[in-house]
Each structure stands twice: as C-alpha cells, then as structure tokens.
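Participant: I'm passing along query_4.tsv; it holds TSV, N, CA and C atoms and all ligand atoms.
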chain	number	residue	atom	x	y	z
J	1	MET	N	2.56	13.63	-2.07
J	1	MET	CA	2.97	12.47	-2.85
J	1	MET	C	4.40	12.05	-2.51
J	2	THR	N	4.59	10.79	-2.32
J	2	THR	CA	5.92	10.26	-2.06
J	2	THR	C	6.66	10.16	-3.39
J	3	LYS	N	7.83	10.78	-3.45
J	3	LYS	CA	8.60	10.76	-4.68
J	3	LYS	C	9.70	9.71	-4.56
J	4	ALA	N	10.24	9.37	-5.71
J	4	ALA	CA	11.32	8.38	-5.73
J	4	ALA	C	12.48	8.83	-4.84
J	5	ASP	N	12.73	10.15	-4.80
J	5	ASP	CA	13.82	10.67	-3.96
J	5	ASP	C	13.59	10.35	-2.48
J	6	ASP	N	12.33	10.48	-2.05
J	6	ASP	CA	12.01	10.20	-0.65
J	6	ASP	C	12.23	8.71	-0.33
J	7	LEU	N	11.84	7.88	-1.28
J	7	LEU	CA	12.02	6.44	-1.10
J	7	LEU	C	13.51	6.09	-1.07
J	8	THR	N	14.26	6.74	-1.96
J	8	THR	CA	15.71	6.51	-2.00
J	8	THR	C	16.35	6.89	-0.67
J	9	GLN	N	15.96	8.04	-0.15
J	9	GLN	CA	16.52	8.50	1.12
J	9	GLN	C	16.16	7.53	2.25
J	10	ALA	N	14.94	7.04	2.22
J	10	ALA	CA	14.49	6.11	3.27
J	10	ALA	C	15.34	4.83	3.24
J	11	LEU	N	15.64	4.36	2.03
J	11	LEU	CA	16.48	3.16	1.92
J	11	LEU	C	17.89	3.42	2.42
J	12	ARG	N	18.42	4.60	2.06
J	12	ARG	CA	19.75	4.96	2.55
J	12	ARG	C	19.76	4.98	4.07
J	13	ASP	N	18.69	5.58	4.64
J	13	ASP	CA	18.58	5.65	6.10
J	13	ASP	C	18.58	4.25	6.72
J	14	ALA	N	18.04	3.30	5.96
J	14	ALA	CA	17.99	1.92	6.45
J	14	ALA	C	19.31	1.19	6.20
J	15	GLY	N	20.26	1.89	5.60
J	15	GLY	CA	21.57	1.28	5.35
J	15	GLY	C	21.60	0.39	4.13
J	16	VAL	N	20.62	0.58	3.24
J	16	VAL	CA	20.54	-0.25	2.04
J	16	VAL	C	21.22	0.49	0.89
J	17	ARG	N	22.06	-0.22	0.15
J	17	ARG	CA	22.76	0.38	-0.97
J	17	ARG	C	21.80	0.55	-2.14
J	18	ILE	N	21.88	1.70	-2.79
J	18	ILE	CA	20.97	1.97	-3.91
J	18	ILE	C	21.61	1.50	-5.21
J	19	THR	N	21.28	0.28	-5.57
J	19	THR	CA	21.77	-0.27	-6.84
J	19	THR	C	20.88	0.23	-7.97
J	20	ARG	N	21.30	0.01	-9.21
J	20	ARG	CA	20.45	0.40	-10.36
J	20	ARG	C	19.14	-0.36	-10.33
J	21	GLN	N	19.22	-1.63	-9.89
J	21	GLN	CA	18.00	-2.44	-9.81
J	21	GLN	C	17.02	-1.84	-8.80
J	22	ARG	N	17.56	-1.46	-7.64
J	22	ARG	CA	16.67	-0.89	-6.62
J	22	ARG	C	16.13	0.46	-7.08
J	23	ALA	N	16.97	1.25	-7.73
J	23	ALA	CA	16.51	2.56	-8.21
J	23	ALA	C	15.34	2.41	-9.19
J	24	ALA	N	15.43	1.39	-10.06
J	24	ALA	CA	14.34	1.15	-11.01
J	24	ALA	C	13.06	0.77	-10.27
J	25	LEU	N	13.20	-0.05	-9.23
J	25	LEU	CA	12.05	-0.45	-8.44
J	25	LEU	C	11.42	0.77	-7.74
J	26	LEU	N	12.27	1.64	-7.20
J	26	LEU	CA	11.75	2.81	-6.48
J	26	LEU	C	10.97	3.73	-7.42
J	27	THR	N	11.45	3.84	-8.65
J	27	THR	CA	10.73	4.66	-9.64
J	27	THR	C	9.33	4.10	-9.89
J	28	VAL	N	9.27	2.76	-9.98
J	28	VAL	CA	7.97	2.11	-10.21
J	28	VAL	C	7.04	2.32	-9.01
J	29	ILE	N	7.58	2.15	-7.81
J	29	ILE	CA	6.74	2.34	-6.61
J	29	ILE	C	6.25	3.78	-6.54
J	30	ALA	N	7.14	4.72	-6.79
J	30	ALA	CA	6.76	6.14	-6.72
J	30	ALA	C	5.68	6.47	-7.75
J	31	GLY	N	5.70	5.78	-8.88
J	31	GLY	CA	4.75	6.08	-9.94
J	31	GLY	C	3.44	5.31	-9.83
J	32	ALA	N	3.36	4.37	-8.90
J	32	ALA	CA	2.15	3.54	-8.78
J	32	ALA	C	1.08	4.28	-8.00
J	33	ASP	N	-0.12	4.35	-8.57
J	33	ASP	CA	-1.20	4.93	-7.78
J	33	ASP	C	-2.29	3.90	-7.52
J	34	ASP	N	-1.89	2.62	-7.58
J	34	ASP	CA	-2.82	1.55	-7.22
J	34	ASP	C	-2.22	0.78	-6.03
J	35	HIS	N	-2.54	-0.48	-5.91
J	35	HIS	CA	-2.09	-1.27	-4.76
J	35	HIS	C	-1.46	-2.56	-5.24
J	36	PRO	N	-0.32	-2.45	-5.93
J	36	PRO	CA	0.30	-3.66	-6.50
J	36	PRO	C	0.90	-4.57	-5.43
J	37	ASP	N	0.97	-5.87	-5.74
J	37	ASP	CA	1.71	-6.79	-4.88
J	37	ASP	C	3.15	-6.86	-5.38
J	38	ALA	N	3.97	-7.63	-4.68
J	38	ALA	CA	5.40	-7.67	-4.99
J	38	ALA	C	5.65	-8.20	-6.41
J	39	VAL	N	4.88	-9.21	-6.79
J	39	VAL	CA	5.08	-9.80	-8.12
J	39	VAL	C	4.75	-8.78	-9.21
J	40	GLU	N	3.69	-8.02	-9.00
J	40	GLU	CA	3.31	-7.00	-9.97
J	40	GLU	C	4.37	-5.88	-10.04
J	41	LEU	N	4.89	-5.47	-8.89
J	41	LEU	CA	5.95	-4.45	-8.89
J	41	LEU	C	7.18	-4.98	-9.61
J	42	HIS	N	7.49	-6.24	-9.38
J	42	HIS	CA	8.62	-6.86	-10.06
J	42	HIS	C	8.40	-6.87	-11.57
J	43	ARG	N	7.18	-7.21	-11.98
J	43	ARG	CA	6.86	-7.26	-13.41
J	43	ARG	C	7.05	-5.87	-14.04
J	44	ARG	N	6.55	-4.85	-13.37
J	44	ARG	CA	6.65	-3.49	-13.93
J	44	ARG	C	8.11	-3.03	-14.01
J	45	ALA	N	8.85	-3.27	-12.92
J	45	ALA	CA	10.22	-2.76	-12.88
J	45	ALA	C	11.14	-3.55	-13.81
J	46	SER	N	10.80	-4.81	-14.04
J	46	SER	CA	11.64	-5.67	-14.87
J	46	SER	C	11.68	-5.23	-16.33
J	47	LYS	N	10.65	-4.49	-16.74
J	47	LYS	CA	10.63	-4.02	-18.12
J	47	LYS	C	11.88	-3.22	-18.45
J	48	ASP	N	12.27	-2.35	-17.52
J	48	ASP	CA	13.46	-1.53	-17.72
J	48	ASP	C	14.70	-2.18	-17.12
J	49	MET	N	14.50	-3.10	-16.21
J	49	MET	CA	15.63	-3.65	-15.45
J	49	MET	C	15.46	-5.15	-15.27
J	50	PRO	N	15.74	-5.91	-16.37
J	50	PRO	CA	15.49	-7.36	-16.33
J	50	PRO	C	16.31	-8.08	-15.25
J	51	SER	N	17.39	-7.48	-14.78
J	51	SER	CA	18.24	-8.17	-13.79
J	51	SER	C	17.73	-7.99	-12.36
J	52	LEU	N	16.61	-7.31	-12.21
J	52	LEU	CA	16.02	-7.16	-10.87
J	52	LEU	C	15.40	-8.49	-10.44
J	53	SER	N	15.81	-8.99	-9.28
J	53	SER	CA	15.25	-10.27	-8.82
J	53	SER	C	14.06	-10.03	-7.90
J	54	LEU	N	13.20	-11.05	-7.85
J	54	LEU	CA	12.02	-10.95	-6.99
J	54	LEU	C	12.43	-10.86	-5.52
J	55	SER	N	13.50	-11.54	-5.16
J	55	SER	CA	13.92	-11.49	-3.75
J	55	SER	C	14.40	-10.08	-3.37
J	56	THR	N	15.03	-9.38	-4.32
J	56	THR	CA	15.41	-7.98	-4.07
J	56	THR	C	14.17	-7.13	-3.86
J	57	VAL	N	13.14	-7.42	-4.65
J	57	VAL	CA	11.88	-6.67	-4.49
J	57	VAL	C	11.33	-6.88	-3.08
J	58	TYR	N	11.28	-8.14	-2.65
J	58	TYR	CA	10.74	-8.43	-1.31
J	58	TYR	C	11.57	-7.74	-0.22
J	59	ARG	N	12.89	-7.84	-0.33
J	59	ARG	CA	13.74	-7.25	0.71
J	59	ARG	C	13.61	-5.74	0.73
J	60	THR	N	13.53	-5.14	-0.47
J	60	THR	CA	13.42	-3.68	-0.56
J	60	THR	C	12.09	-3.21	0.02
J	61	LEU	N	11.02	-3.94	-0.30
J	61	LEU	CA	9.70	-3.57	0.22
J	61	LEU	C	9.69	-3.63	1.74
J	62	THR	N	10.31	-4.66	2.29
J	62	THR	CA	10.36	-4.78	3.76
J	62	THR	C	11.12	-3.61	4.37
J	63	ALA	N	12.24	-3.23	3.76
J	63	ALA	CA	13.02	-2.10	4.28
J	63	ALA	C	12.22	-0.80	4.20
J	64	LEU	N	11.52	-0.60	3.09
J	64	LEU	CA	10.71	0.63	2.93
J	64	LEU	C	9.56	0.65	3.94
J	65	GLU	N	8.99	-0.53	4.17
J	65	GLU	CA	7.90	-0.61	5.16
J	65	GLU	C	8.44	-0.29	6.55
J	66	ASP	N	9.60	-0.84	6.88
J	66	ASP	CA	10.21	-0.56	8.20
J	66	ASP	C	10.48	0.92	8.38
J	67	GLN	N	10.80	1.60	7.28
J	67	GLN	CA	11.08	3.04	7.34
J	67	GLN	C	9.80	3.88	7.34
J	68	GLY	N	8.68	3.23	7.14
J	68	GLY	CA	7.39	3.93	7.23
J	68	GLY	C	7.01	4.71	5.98
J	69	VAL	N	7.68	4.49	4.86
J	69	VAL	CA	7.35	5.24	3.66
J	69	VAL	C	6.40	4.50	2.72
J	70	ILE	N	6.24	3.20	2.95
J	70	ILE	CA	5.18	2.48	2.26
J	70	ILE	C	4.36	1.70	3.28
J	71	GLN	N	3.13	1.40	2.90
J	71	GLN	CA	2.24	0.62	3.75
J	71	GLN	C	2.01	-0.73	3.12
J	72	ARG	N	1.98	-1.74	3.97
J	72	ARG	CA	1.63	-3.09	3.52
J	72	ARG	C	0.18	-3.36	3.91
J	73	HIS	N	-0.59	-3.84	2.96
J	73	HIS	CA	-1.96	-4.24	3.26
J	73	HIS	C	-2.07	-5.74	3.08
J	74	GLN	N	-2.58	-6.40	4.11
J	74	GLN	CA	-2.78	-7.84	4.00
J	74	GLN	C	-4.28	-8.09	3.90
J	75	PHE	N	-4.79	-7.96	2.68
J	75	PHE	CA	-6.21	-8.20	2.48
J	75	PHE	C	-6.44	-9.71	2.43
J	76	ASP	N	-7.63	-10.14	2.90
J	76	ASP	CA	-7.94	-11.58	2.92
J	76	ASP	C	-7.79	-12.19	1.53
J	77	GLY	N	-7.11	-13.32	1.47
J	77	GLY	CA	-7.08	-14.10	0.25
J	77	GLY	C	-6.21	-13.55	-0.86
J	78	THR	N	-5.40	-12.54	-0.58
J	78	THR	CA	-4.52	-11.99	-1.61
J	78	THR	C	-3.11	-11.83	-1.02
J	79	PRO	N	-2.08	-11.85	-1.87
J	79	PRO	CA	-0.74	-11.54	-1.36
J	79	PRO	C	-0.70	-10.11	-0.84
J	80	SER	N	0.29	-9.78	-0.03
J	80	SER	CA	0.43	-8.41	0.48
J	80	SER	C	0.42	-7.41	-0.66
J	81	ARG	N	-0.32	-6.34	-0.47
J	81	ARG	CA	-0.35	-5.24	-1.44
J	81	ARG	C	0.35	-4.06	-0.80
J	82	PHE	N	0.93	-3.22	-1.65
J	82	PHE	CA	1.70	-2.10	-1.13
J	82	PHE	C	1.21	-0.79	-1.72
J	83	GLU	N	1.29	0.25	-0.91
J	83	GLU	CA	1.08	1.59	-1.43
J	83	GLU	C	1.93	2.55	-0.62
J	84	LYS	N	2.21	3.70	-1.24
J	84	LYS	CA	2.98	4.72	-0.55
J	84	LYS	C	2.21	5.19	0.67
J	85	ALA	N	2.93	5.44	1.73
J	85	ALA	CA	2.29	5.95	2.94
J	85	ALA	C	2.02	7.44	2.72
J	86	GLU	N	0.79	7.80	2.69
J	86	GLU	CA	0.45	9.19	2.45
J	86	GLU	C	-0.33	9.70	3.65
J	87	ASP	N	-0.42	10.98	3.77
J	87	ASP	CA	-1.05	11.57	4.95
J	87	ASP	C	-2.57	11.43	4.93
J	88	ASP	N	-3.16	11.50	3.76
J	88	ASP	CA	-4.62	11.49	3.72
J	88	ASP	C	-5.15	10.08	3.97
J	89	HIS	N	-5.97	9.98	4.98
J	89	HIS	CA	-6.52	8.68	5.37
J	89	HIS	C	-7.56	8.19	4.37
J	90	HIS	N	-7.53	6.93	4.08
J	90	HIS	CA	-8.60	6.33	3.31
J	90	HIS	C	-8.74	4.86	3.68
J	91	ASP	N	-9.86	4.28	3.36
J	91	ASP	CA	-10.09	2.86	3.58
J	91	ASP	C	-10.22	2.17	2.23
J	92	HIS	N	-10.41	0.88	2.26
J	92	HIS	CA	-10.36	0.09	1.03
J	92	HIS	C	-11.56	-0.84	0.88
J	93	MET	N	-12.02	-0.96	-0.34
J	93	MET	CA	-12.93	-2.04	-0.73
J	93	MET	C	-12.14	-2.97	-1.64
J	94	ILE	N	-12.35	-4.27	-1.44
J	94	ILE	CA	-11.65	-5.26	-2.25
J	94	ILE	C	-12.69	-6.07	-3.02
J	95	ASP	N	-12.59	-6.01	-4.33
J	95	ASP	CA	-13.49	-6.79	-5.19
J	95	ASP	C	-13.08	-8.26	-5.08
J	96	VAL	N	-13.96	-9.11	-4.52
J	96	VAL	CA	-13.57	-10.50	-4.26
J	96	VAL	C	-13.44	-11.32	-5.54
J	97	ASP	N	-13.99	-10.82	-6.63
J	97	ASP	CA	-13.90	-11.57	-7.89
J	97	ASP	C	-12.65	-11.19	-8.68
J	98	THR	N	-12.34	-9.90	-8.71
J	98	THR	CA	-11.22	-9.45	-9.55
J	98	THR	C	-9.97	-9.10	-8.75
J	99	GLY	N	-10.10	-8.93	-7.42
J	99	GLY	CA	-8.97	-8.50	-6.62
J	99	GLY	C	-8.71	-7.01	-6.69
J	100	GLU	N	-9.53	-6.31	-7.47
J	100	GLU	CA	-9.34	-4.86	-7.59
J	100	GLU	C	-9.54	-4.18	-6.23
J	101	VAL	N	-8.72	-3.20	-5.95
J	101	VAL	CA	-8.81	-2.46	-4.69
J	101	VAL	C	-9.32	-1.05	-4.98
J	102	ILE	N	-10.37	-0.68	-4.27
J	102	ILE	CA	-10.99	0.62	-4.48
J	102	ILE	C	-10.83	1.44	-3.20
J	103	GLU	N	-10.32	2.64	-3.33
J	103	GLU	CA	-10.15	3.49	-2.15
J	103	GLU	C	-11.42	4.29	-1.90
J	104	PHE	N	-11.71	4.49	-0.63
J	104	PHE	CA	-12.82	5.37	-0.30
J	104	PHE	C	-12.57	6.03	1.04
J	105	CYS	N	-13.25	7.13	1.26
J	105	CYS	CA	-13.23	7.77	2.57
J	105	CYS	C	-14.58	8.43	2.77
J	106	SER	N	-15.24	8.08	3.85
J	106	SER	CA	-16.56	8.60	4.13
J	106	SER	C	-16.52	9.41	5.42
J	107	ASP	N	-16.85	10.69	5.32
J	107	ASP	CA	-16.91	11.53	6.53
J	107	ASP	C	-17.92	10.98	7.52
J	108	ARG	N	-19.02	10.43	7.00
J	108	ARG	CA	-20.07	9.90	7.89
J	108	ARG	C	-19.55	8.71	8.68
J	109	ILE	N	-18.84	7.82	8.00
J	109	ILE	CA	-18.30	6.65	8.71
J	109	ILE	C	-17.23	7.08	9.71
J	110	GLU	N	-16.37	8.00	9.29
J	110	GLU	CA	-15.31	8.47	10.20
J	110	GLU	C	-15.92	9.05	11.47
J	111	GLN	N	-16.95	9.89	11.26
J	111	GLN	CA	-17.63	10.54	12.38
J	111	GLN	C	-18.29	9.51	13.29
J	112	LEU	N	-18.96	8.55	12.68
J	112	LEU	CA	-19.67	7.52	13.44
J	112	LEU	C	-18.69	6.70	14.29
J	113	GLN	N	-17.56	6.38	13.72
J	113	GLN	CA	-16.55	5.61	14.46
J	113	GLN	C	-16.07	6.39	15.68
J	114	THR	N	-15.83	7.69	15.46
J	114	THR	CA	-15.37	8.55	16.56
J	114	THR	C	-16.40	8.57	17.68
J	115	GLU	N	-17.68	8.69	17.28
J	115	GLU	CA	-18.76	8.73	18.27
J	115	GLU	C	-18.89	7.41	19.02
J	116	LEU	N	-18.82	6.31	18.28
J	116	LEU	CA	-18.96	4.99	18.91
J	116	LEU	C	-17.87	4.77	19.96
J	117	ALA	N	-16.65	5.13	19.61
J	117	ALA	CA	-15.54	4.95	20.56
J	117	ALA	C	-15.72	5.88	21.76
J	118	ALA	N	-16.13	7.13	21.49
J	118	ALA	CA	-16.28	8.12	22.56
J	118	ALA	C	-17.37	7.70	23.55
J	119	GLU	N	-18.43	7.06	23.03
J	119	GLU	CA	-19.53	6.63	23.89
J	119	GLU	C	-19.07	5.69	24.99
J	120	ILE	N	-18.05	4.92	24.72
J	120	ILE	CA	-17.56	4.00	25.74
J	120	ILE	C	-16.20	4.46	26.27
J	121	GLY	N	-15.92	5.76	26.08
J	121	GLY	CA	-14.76	6.36	26.75
J	121	GLY	C	-13.44	6.20	26.05
J	122	TYR	N	-13.47	6.01	24.74
J	122	TYR	CA	-12.21	5.86	24.01
J	122	TYR	C	-12.07	6.91	22.91
J	123	GLU	N	-10.82	7.16	22.56
J	123	GLU	CA	-10.57	7.88	21.32
J	123	GLU	C	-9.86	6.92	20.37
J	124	ILE	N	-10.10	7.11	19.10
J	124	ILE	CA	-9.50	6.21	18.11
J	124	ILE	C	-8.06	6.64	17.83
J	125	VAL	N	-7.17	5.69	17.95
J	125	VAL	CA	-5.76	5.95	17.67
J	125	VAL	C	-5.47	5.67	16.19
J	126	HIS	N	-6.09	4.66	15.70
J	126	HIS	CA	-5.82	4.20	14.34
J	126	HIS	C	-6.96	3.27	13.96
J	127	HIS	N	-7.33	3.26	12.72
J	127	HIS	CA	-8.27	2.24	12.30
J	127	HIS	C	-8.01	1.83	10.87
J	128	ARG	N	-8.55	0.68	10.55
J	128	ARG	CA	-8.37	0.11	9.23
J	128	ARG	C	-9.69	-0.55	8.89
J	129	MET	N	-10.25	-0.21	7.77
J	129	MET	CA	-11.50	-0.82	7.38
J	129	MET	C	-11.38	-1.42	5.99
J	130	GLU	N	-11.82	-2.64	5.87
J	130	GLU	CA	-11.78	-3.32	4.58
J	130	GLU	C	-13.17	-3.86	4.30
J	131	LEU	N	-13.72	-3.48	3.19
J	131	LEU	CA	-15.02	-4.00	2.76
J	131	LEU	C	-14.77	-4.94	1.59
J	132	TYR	N	-15.25	-6.16	1.71
J	132	TYR	CA	-15.11	-7.13	0.63
J	132	TYR	C	-16.37	-7.10	-0.20
J	133	VAL	N	-16.23	-6.76	-1.46
J	133	VAL	CA	-17.40	-6.42	-2.28
J	133	VAL	C	-17.45	-7.25	-3.55
J	134	ARG	N	-18.64	-7.31	-4.10
J	134	ARG	CA	-18.85	-7.99	-5.39
J	134	ARG	C	-19.79	-7.12	-6.20
J	135	LYS	N	-19.48	-6.94	-7.48
J	135	LYS	CA	-20.33	-6.15	-8.37
J	135	LYS	C	-21.72	-6.77	-8.44
J	136	LYS	N	-22.73	-5.90	-8.31
J	136	LYS	CA	-24.10	-6.40	-8.45
J	136	LYS	C	-24.40	-6.64	-9.93
J	137	ASP	N	-25.28	-7.60	-10.18
J	137	ASP	CA	-25.71	-7.82	-11.57
J	137	ASP	C	-26.48	-6.62	-12.07
J	138	GLY	N	-26.33	-6.39	-13.35
J	138	GLY	CA	-27.12	-5.31	-13.97
J	138	GLY	C	-26.47	-4.05	-13.80
J	201	ZN	ZN	-5.09	2.74	-0.57
How does the structure come out when it is put into structure tokens?

Facilitator:
Amino acid sequence: MTKADDLTQALRDAGVRITRQRAALLTVIAGADDHPDAVELHRRASKDMPSLSLSTVYRTLTALEDQGVIQRHQFDGTPSRFEKAEDDHHDHMIDVDTGEVIEFCSDRIEQLQTELAAEIGYEIVHHRMELYVRKKDG
C-alpha cells in the first residue's frame, strides 16, 4: 500500500514544496481505495482544507504521476481517474451508466494473453484492459 509518506517523498523528489494544502491532498489520495477523478479528490480534501485549489490538485497529480507513485486512467467518456500505483496487477471494468470502476484480475485471461503473444513470437511487456459494462436487468 502506498502511504501518505511515500507520496510526500515522491513530491519532494520532484522538487515540489509540501504545503498544508498538498499534505491534505496526499492524505486523501493515500486513503482512497477507489478511482477518483481530480474533482472528486478536490472535494474530499477540501473538507479539511477549504483553501486547496483545484489547480493545485491538478498540478500535484501530474507531479505524482511523473514520479510513478500514482497511475492515471483515461477511461472512455470520463475525466482522468487516479489510483495509487501498486504492484499487484489488475484490470478494470467501467459501468457505462454509473461510471463506477470495478477492479478484476483473471488468471485465465492473463494466461491466454501470454499464450496469444507467444504464438506470434512476442512476450507481453505491459497491458491494459478495460471492459465497458452495463448491469443486466433482473
Ligand atoms: Zn484499479
């Protein structure tokens, strides 16, 4: 798990000053276990830190992304979503009606991808899978 301390250090490494506003934002990011967008992160952090501006949120997120401690997801039809960069690989389903993001990881799919690439002489360096889903009736 990425802790607020790790995020703080990453920002320092990027040469960004850790203001009280940024510290409040980092606490929110560290505590998020979903995939909030910048506006949602701003909303959460503003509860404790009303002087946090949205532009600070955007700049801080970009710096954290550059440092590799958070991941940006650009799902179709939604603003960028963010999550902590963690070691365990997973893919995402996006509910097209609610925007909810569901994490999943399938050993069968992972294996199949490896086999498909190997069949034509490749190994997979990285992959990203997004399934756009809608709840079935009933
Ligand atoms: Zn995720």

Participant: Could you give me, as a count of residues only, each residue of chain J that DSSP assigns to alpha helix (DSSP H) when run on this structure's backbone?

Facilitator: 57

Participant: Please, which residues have at least one atom within 7 Å of an atom of ligand ZN 201 (chain J), using only N, CA and C atoms and all ligand atoms, listed as a PyMOL selection string?

Facilitator: chain J and resi 34-35+83+90-92+102-104

Participant: For CA of Asp107 in chain J and atom C of Ala85 in chain J, determine how far apart the two atoms are, in Å to one decimal place.

Facilitator: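 Pair CA of Asp107 in chain J / atom C of Ala85 in chain J returns 19.7 Å.
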
Participant: Could you list, as a list of chain:residue names, every residue within 7 Å of Gln71 in chain J, counting all atoms listed in the file and ignoring same-chain residues fewer than 6 positions away?

Facilitator: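 Those residues are J:Leu64, J:Glu65, J:Arg81, J:Phe82, J:Glu83, J:Lys84, J:Ala85, J:Glu86.
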
Participant: Rank nothing, just name the residue among J:Val28, J:Val101, J:Val69, J:Ala63 nearest to Asp6 in chain J, using only C-alpha atoms.

Facilitator: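 Of all the options, J:Val69 lies closest to Asp6 in chain J.
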
Participant: Rounded to one decimal place, report the CA of Asp95 in chain J-atom N of Leu131 in chain J distance in Å.

Facilitator: 9.0 Å

Participant: Which one is closest to Met129 in chain J: J:Gln111, J:Phe75, J:Ala117, J:Asp13? Count only C-alpha atoms.

Facilitator: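 The answer is J:Phe75, which sits nearest to Met129 in chain J.
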
Participant: Mind giving me the straight-line distance from atom C of Lys47 in chain J to atom N of Ile70 in chain J in Å, one decimal?

Facilitator: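 Computed distance, atom C of Lys47 in chain J to atom N of Ile70 in chain J, equals 23.0 Å.
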